[in-house]
Amino acid sequence: MNKITEQSSNYDDLEQMSTGDLLAAINREDQKVAIAVKEAIPQIEALVNHLAIKMKLGGRLFYVGAGTSGRLGVLDASECPPTYGVPSGWVIGLIAGGDGALRKSVEHAEDDIHQCMKDLDAYLIGVDDVIVGIASSGTTPYVVHGLKDCRLRGITTSCITCNPGTPILDQADFPILCVVGPEFVTGSTRMKSGTAQKIILNMISTSVMIKLGRVKGNRMVDMALSNDKLIDRGTRMLTAQFDLSYEDAKAVLLKTGSVRAATDLIRPK
């Protein structure tokens, strides 16, 4: 298979380019990513609508991947609890090789065709859950076989890949294909492919959380008040909405523990 992500870069003799030319060329390539993601919106929409239904029924979202793809899934999952105040078990990111692979590559971890299902079974994955396999190449054994095993059990599967005609697309009930073209450094899928994956993951989790009621207006009313910056942000949300001094708004926020709870106390339903 002639993978687009492995095709030769549109640029050559990179080591002879000036810093300015390197940066401008990388930026030119990056601008193609948003256009490619736009083309995939109908596929993303189909997944989000299905996922919202599943999660309203108590299902969970699992991301699985290896290398950069796995790290991006874990990142998106880890940001949902503080951003939207949801339990850590709602969105779960798994990477081939385990958490140690987040910092250091684990040799051949992605080649084990049985490990993904073992990792998912540790969470008692079931038919109410949804698994999203992330693989730029579309051929990563850990991910492809994980989706295949889930499908055999009746678990909804999706994928995010950057290569058409790859095996992972055949294992996804909701395939998301985002063709960004050859990488600036040939085969370096941490670049455009990784950027596309990050954008799509942002779109999935953000849209689902909005549909689950975790955003009010345009504000993160359930965000965790885990540092001074977020306490300040929550306080300013309240002062913008109600006739309160900064000090009074902060006091109510700290008493109730969230912008949503503070809003309900100030303006009862």
# chains A, B, ... in the order shown; residues from 1 in each chain; ligands from 1
>>> residues_around(residues="Gly65 (chain A)", least_positions_apart="4", cutoff="10 Å", atoms="only C-alpha atoms", output="ChimeraX atom specification")
/A:69-74,93-97,110,116,132-136,140-144,146,159-160
>>> write_last_selection(atoms="C-alpha atoms", output="compact mmCIF listing (two decimals), in the first residue's frame")
# COMPACT_ATOMS: atom_id res chain seq x y z
CA SER A 69 -1.63 9.11 18.23
CA GLY A 70 -1.89 7.40 21.60
CA ARG A 71 -0.45 10.40 23.42
CA LEU A 72 -2.96 12.73 21.78
CA GLY A 73 -5.84 10.49 22.84
CA VAL A 74 -4.62 10.35 26.43
CA GLY A 93 -7.28 7.26 26.75
CA LEU A 94 -5.15 4.15 26.27
CA ILE A 95 -1.71 4.01 24.65
CA ALA A 96 0.15 0.94 23.44
CA GLY A 97 2.82 0.14 26.01
CA GLU A 110 2.11 -1.33 18.87
CA CYS A 116 -5.54 -3.54 23.05
CA VAL A 132 -12.10 5.51 18.76
CA GLY A 133 -8.91 4.12 17.25
CA ILE A 134 -6.35 6.78 16.36
CA ALA A 135 -3.73 5.84 13.77
CA SER A 136 -2.28 8.11 11.11
CA THR A 140 -1.18 -0.02 13.56
CA PRO A 141 -1.83 -3.62 14.77
CA TYR A 142 -2.62 -2.60 18.37
CA VAL A 143 -5.36 -0.27 17.13
CA VAL A 144 -6.72 -2.16 14.11
CA GLY A 146 -8.53 -3.63 19.02
CA CYS A 159 -11.27 5.71 13.83
CA ILE A 160 -9.22 8.74 12.91
>>> residues_around(residues="region 174-184 of chain A", least_positions_apart="5", cutoff="8 Å", atoms="only C-alpha atoms", output="NGL selection string")
:A and (4-11 or 25-26 or 29 or 32-33 or 36-37 or 39-40 or 43-44 or 46-47 or 157-164 or 169 or 189 or 191-193 or 196)
>>> write_last_selection(atoms="C-alpha atoms", output="PDB file, in the first residue's frame")
ATOM      1  CA  ILE A   4       0.137   9.154   1.588  1.00  0.00           C
ATOM      2  CA  THR A   5       1.649   9.787   5.022  1.00  0.00           C
ATOM      3  CA  GLU A   6       4.815   7.994   3.870  1.00  0.00           C
ATOM      4  CA  GLN A   7       5.138   9.781   0.536  1.00  0.00           C
ATOM      5  CA  SER A   8       8.127  12.045  -0.063  1.00  0.00           C
ATOM      6  CA  SER A   9       7.832  15.600   1.242  1.00  0.00           C
ATOM      7  CA  ASN A  10       6.922  18.416  -1.117  1.00  0.00           C
ATOM      8  CA  TYR A  11      10.228  19.985  -0.063  1.00  0.00           C
ATOM      9  CA  ALA A  25       7.262  26.157   4.635  1.00  0.00           C
ATOM     10  CA  ILE A  26       6.082  24.284   7.736  1.00  0.00           C
ATOM     11  CA  GLU A  29       1.859  22.836   5.088  1.00  0.00           C
ATOM     12  CA  LYS A  32      -3.635  22.517   4.667  1.00  0.00           C
ATOM     13  CA  VAL A  33      -4.702  20.704   7.832  1.00  0.00           C
ATOM     14  CA  ALA A  36      -8.635  18.661   5.299  1.00  0.00           C
ATOM     15  CA  VAL A  37     -10.456  18.573   8.648  1.00  0.00           C
ATOM     16  CA  GLU A  39     -13.809  17.907   4.552  1.00  0.00           C
ATOM     17  CA  ALA A  40     -14.182  15.346   7.343  1.00  0.00           C
ATOM     18  CA  GLN A  43     -17.948  11.970   9.377  1.00  0.00           C
ATOM     19  CA  ILE A  44     -17.139  13.640  12.693  1.00  0.00           C
ATOM     20  CA  ALA A  46     -22.058  11.235  12.626  1.00  0.00           C
ATOM     21  CA  LEU A  47     -19.778   9.990  15.389  1.00  0.00           C
ATOM     22  CA  THR A 157     -16.072   1.548  16.763  1.00  0.00           C
ATOM     23  CA  SER A 158     -14.669   4.666  15.126  1.00  0.00           C
ATOM     24  CA  CYS A 159     -11.271   5.706  13.831  1.00  0.00           C
ATOM     25  CA  ILE A 160      -9.215   8.744  12.906  1.00  0.00           C
ATOM     26  CA  THR A 161      -6.718   8.124  10.119  1.00  0.00           C
ATOM     27  CA  CYS A 162      -4.930  10.068   7.405  1.00  0.00           C
ATOM     28  CA  ASN A 163      -4.615   7.358   4.745  1.00  0.00           C
ATOM     29  CA  PRO A 164      -7.439   6.186   2.450  1.00  0.00           C
ATOM     30  CA  LEU A 169     -11.370   2.007   7.963  1.00  0.00           C
ATOM     31  CA  THR A 189       3.333  12.010  11.220  1.00  0.00           C
ATOM     32  CA  MET A 191       3.422  16.998  12.255  1.00  0.00           C
ATOM     33  CA  LYS A 192       0.390  17.505   9.971  1.00  0.00           C
ATOM     34  CA  SER A 193      -1.227  14.159  10.774  1.00  0.00           C
ATOM     35  CA  ALA A 196      -5.242  16.949  12.332  1.00  0.00           C
TER      36      ALA A 196
END
>>> select_by_dssp(residues="region 42-229 of chain A", states="strand (DSSP E or B)", output="ChimeraX atom specification")
/A:61-65,91-95,130-134,156-161,174-177,216,219
>>> select_by_dssp(residues="region 7-231 of chain A", states="helix (DSSP H, G or I)", output="CSV table (one decimal) with C-alpha atoms, in the first residue's frame")
chain,number,residue,atom,x,y,z
A,14,LEU,CA,15.7,21.0,4.1
A,15,GLU,CA,19.1,21.3,5.8
A,16,GLN,CA,20.1,23.9,3.3
A,19,THR,CA,15.4,29.2,9.4
A,20,GLY,CA,12.8,31.7,8.0
A,21,ASP,CA,12.2,29.5,5.0
A,22,LEU,CA,11.9,26.4,7.1
A,23,LEU,CA,9.3,28.0,9.4
A,24,ALA,CA,7.4,29.5,6.4
A,25,ALA,CA,7.3,26.2,4.6
A,26,ILE,CA,6.1,24.3,7.7
A,27,ASN,CA,3.4,26.9,8.2
A,28,ARG,CA,2.3,26.6,4.6
A,29,GLU,CA,1.9,22.8,5.1
A,30,ASP,CA,0.0,23.3,8.4
A,31,GLN,CA,-2.5,25.5,6.7
A,32,LYS,CA,-3.6,22.5,4.7
A,33,VAL,CA,-4.7,20.7,7.8
A,34,ALA,CA,-7.7,22.8,8.6
A,35,ILE,CA,-9.0,22.4,5.1
A,36,ALA,CA,-8.6,18.7,5.3
A,37,VAL,CA,-10.5,18.6,8.6
A,38,LYS,CA,-13.3,20.6,7.2
A,39,GLU,CA,-13.8,17.9,4.6
A,41,ILE,CA,-16.9,17.2,9.3
A,42,PRO,CA,-19.8,15.1,8.1
A,43,GLN,CA,-17.9,12.0,9.4
A,44,ILE,CA,-17.1,13.6,12.7
A,45,GLU,CA,-20.8,14.8,13.0
A,46,ALA,CA,-22.1,11.2,12.6
A,47,LEU,CA,-19.8,10.0,15.4
A,48,VAL,CA,-20.6,12.8,17.8
A,49,ASN,CA,-24.4,12.3,17.4
A,50,HIS,CA,-24.1,8.6,18.1
A,51,LEU,CA,-21.6,9.1,20.9
A,52,ALA,CA,-23.8,11.7,22.7
A,53,ILE,CA,-26.7,9.1,22.7
A,54,LYS,CA,-24.5,6.4,24.0
A,55,MET,CA,-23.0,8.6,26.8
A,56,LYS,CA,-26.4,9.8,27.9
A,67,GLY,CA,3.0,6.7,19.8
A,68,THR,CA,1.9,10.2,18.9
A,69,SER,CA,-1.6,9.1,18.2
A,70,GLY,CA,-1.9,7.4,21.6
A,71,ARG,CA,-0.4,10.4,23.4
A,72,LEU,CA,-3.0,12.7,21.8
A,73,GLY,CA,-5.8,10.5,22.8
A,74,VAL,CA,-4.6,10.3,26.4
A,75,LEU,CA,-4.2,14.1,26.4
A,76,ASP,CA,-7.7,14.8,25.2
A,77,ALA,CA,-9.2,12.3,27.7
A,78,SER,CA,-7.2,13.8,30.6
A,79,GLU,CA,-8.4,17.3,29.9
A,80,CYS,CA,-12.1,16.5,30.0
A,81,PRO,CA,-12.5,16.2,33.9
A,82,PRO,CA,-10.9,19.6,34.7
A,83,THR,CA,-12.5,21.4,31.8
A,84,TYR,CA,-16.0,20.0,32.1
A,99,ASP,CA,1.4,5.0,30.7
A,100,GLY,CA,5.2,4.6,30.5
A,101,ALA,CA,4.9,5.1,26.7
A,102,LEU,CA,3.7,8.6,27.2
A,109,ALA,CA,4.3,-2.2,21.8
A,110,GLU,CA,2.1,-1.3,18.9
A,111,ASP,CA,2.7,-4.7,17.2
A,115,GLN,CA,-3.0,-6.2,23.9
A,116,CYS,CA,-5.5,-3.5,23.0
A,117,MET,CA,-8.5,-5.8,24.0
A,118,LYS,CA,-6.7,-6.8,27.2
A,119,ASP,CA,-6.2,-3.1,28.0
A,120,LEU,CA,-9.9,-2.4,27.3
A,121,ASP,CA,-11.1,-5.4,29.3
A,141,PRO,CA,-1.8,-3.6,14.8
A,142,TYR,CA,-2.6,-2.6,18.4
A,143,VAL,CA,-5.4,-0.3,17.1
A,144,VAL,CA,-6.7,-2.2,14.1
A,145,HIS,CA,-7.1,-5.4,16.0
A,146,GLY,CA,-8.5,-3.6,19.0
A,147,LEU,CA,-11.3,-2.2,16.8
A,148,LYS,CA,-11.8,-5.6,15.2
A,149,ASP,CA,-12.2,-7.4,18.5
A,150,CYS,CA,-14.6,-4.7,19.8
A,151,ARG,CA,-16.7,-5.0,16.7
A,152,LEU,CA,-17.0,-8.8,17.2
A,167,PRO,CA,-7.4,-1.6,7.2
A,168,ILE,CA,-8.6,0.5,10.1
A,169,LEU,CA,-11.4,2.0,8.0
A,170,ASP,CA,-12.9,-1.5,7.5
A,192,LYS,CA,0.4,17.5,10.0
A,193,SER,CA,-1.2,14.2,10.8
A,194,GLY,CA,-0.8,14.7,14.5
A,195,THR,CA,-2.2,18.3,14.2
A,196,ALA,CA,-5.2,16.9,12.3
A,197,GLN,CA,-5.8,14.3,15.0
A,198,LYS,CA,-5.6,16.9,17.8
A,199,ILE,CA,-8.1,19.2,16.0
A,200,ILE,CA,-10.5,16.3,15.5
A,201,LEU,CA,-10.2,15.1,19.1
A,202,ASN,CA,-10.9,18.7,20.3
A,203,MET,CA,-14.0,18.7,18.1
A,204,ILE,CA,-15.3,15.3,19.3
A,205,SER,CA,-14.9,15.9,23.0
A,206,THR,CA,-16.0,19.5,23.0
A,207,SER,CA,-19.1,18.8,20.9
A,208,VAL,CA,-20.1,15.8,23.0
A,209,MET,CA,-19.6,17.7,26.3
A,210,ILE,CA,-21.8,20.5,25.0
A,211,LYS,CA,-24.5,18.0,23.9
A,228,ASP,CA,-6.1,30.4,41.1
A,229,LYS,CA,-6.5,31.1,37.4
A,230,LEU,CA,-9.6,29.0,37.2
A,231,ILE,CA,-11.1,30.5,40.3
>>> residues_around(residues="Ile266 (chain A)", least_positions_apart="6", cutoff="12 Å", atoms="only C-alpha atoms", output="short mmCIF file (atom, residue, chain, number, x, y, z; two decimals) with C-alpha atoms, in the first residue's frame")
data_model
loop_
_atom_site.label_atom_id
_atom_site.label_comp_id
_atom_site.auth_asym_id
_atom_site.auth_seq_id
_atom_site.Cartn_x
_atom_site.Cartn_y
_atom_site.Cartn_z
CA LEU A 238 -20.33 35.40 37.86
CA THR A 239 -19.57 39.12 37.95
CA GLN A 241 -23.72 37.62 34.75
CA PHE A 242 -24.85 39.07 38.07
CA ASP A 243 -24.66 42.37 39.93
CA LEU A 244 -21.94 41.18 42.30
CA ASP A 248 -18.77 38.51 46.76
CA ALA A 249 -18.75 36.45 43.56
CA ALA A 251 -17.00 33.89 48.01
CA VAL A 252 -20.11 32.31 46.49
CA LEU A 253 -18.00 30.36 44.00
CA LYS A 255 -18.71 28.07 48.84
CA THR A 256 -20.57 26.20 46.10
CA VAL A 259 -19.95 28.19 38.44
CA ARG A 260 -23.10 26.16 37.79
#
>>> closest_residue(among="A:Val106, A:Ile155, A:Ile113, A:Val215", to="Ile125 (chain A)", atoms="only C-alpha atoms")
A:Ile155
